[in-house]
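> Sharing a structure here in structure tokens format.
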Amino acid sequence: METEEVKQTAINQDAEDNKGMGILAYIIFFIPLLAAKESKFAMYHANQGLLLLLTAVGVNVVGTIIPIIGWLFILPFGNLLVFILAIIGIISAAKGEMKPLPVIGKYTLIKTPEQE
């Protein structure tokens, strides 16, 4: 039981120490990959930031290719969704939480130090 408490304390300390990196991951996802690669918290949010970037690229490519419907509906609403997801992720990182983003957050592209 005590080892579980020690593990949870280490996770909480990691989150507290790397909140800034977690927030930054939603703006420029690769900065935590370079600066905090040993932090499970920072790597988790870097993964979420990468998923968000790929979603934004997908929305913009699809919205640009499809004439009229894409320009009038997919681009504005898709980009609004990406913006809302970024805000949700930033708030989660600022609170020190590791909650996946709605819809896209269940995928893992970047492994955390524990997963390797």
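Going by the structure tokens order, chains are called A, B, ..., each with residues numbered from 1, while ligands are numbered from 1 in the order shown.
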Please identify the helix (DSSP H, G or I) residues within chain A (assignment by DSSP from backbone atoms) and present them as a PyMOL selection string.
chain A and resi 2-17+19-24+30-35+40-65+69-94
> What lies within 12 Å of Phe83 (chain A) using only C-alpha atoms, ignoring chain neighbours under 4 positions off, as a ChimeraX atom specification?
/A:26-27,49,52-53,55-56,59,75-79,87-90,101
> Within 9 Å of Lys37 (chain A), counting only C-alpha atoms, which residues show up once you throw out same-chain ones fewer than 6 positions away? Write them as a list in words, please.
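In the requested form, the answer reads Met43, Thr112 and Pro113 of chain A.
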> For the residues in that selection, give me N, CA and C atoms as an mmCIF file, in the first residue's frame.

```cif
data_model
loop_
_atom_site.group_PDB
_atom_site.id
_atom_site.type_symbol
_atom_site.label_atom_id
_atom_site.label_comp_id
_atom_site.auth_asym_id
_atom_site.auth_seq_id
_atom_site.Cartn_x
_atom_site.Cartn_y
_atom_site.Cartn_z
ATOM 1 N N MET A 43 5.047 14.314 -21.431
ATOM 2 C CA MET A 43 4.925 13.462 -22.616
ATOM 3 C C MET A 43 3.457 13.152 -22.931
ATOM 4 N N THR A 112 5.025 7.450 -23.308
ATOM 5 C CA THR A 112 5.543 8.066 -22.084
ATOM 6 C C THR A 112 6.731 7.239 -21.606
ATOM 7 N N PRO A 113 7.595 7.795 -20.744
ATOM 8 C CA PRO A 113 8.763 7.054 -20.248
ATOM 9 C C PRO A 113 8.410 5.703 -19.638
#
```
> May I ask which of the residues A:Ile91, A:Leu80, A:Ala46, A:Val57 is the closest one to Met21 (chain A), counting only C-alpha atoms?
A:Ala46
> Kindly give the distance, in Å, that separates CA of Tyr44 (chain A) and CA of Pro102 (chain A), rounded to a single decimal.
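Between these atoms lies a distance of 14.6 Å.
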> Find the residues near Ala35 (chain A): any atom within 12 Å, counting only C-alpha atoms, skip ones fewer than 4 places away on the same chain, and give them as JSON, numbers by chain.
{"A": [18, 20, 21, 22, 24, 25, 29, 30, 31, 39, 42, 43, 46]}
> Could you please determine the separation between CA of Leu51 (chain A) and CA of Ile104 (chain A) in Å, to one decimal place?
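For CA of Leu51 (chain A) relative to CA of Ile104 (chain A), the distance reads 6.8 Å.
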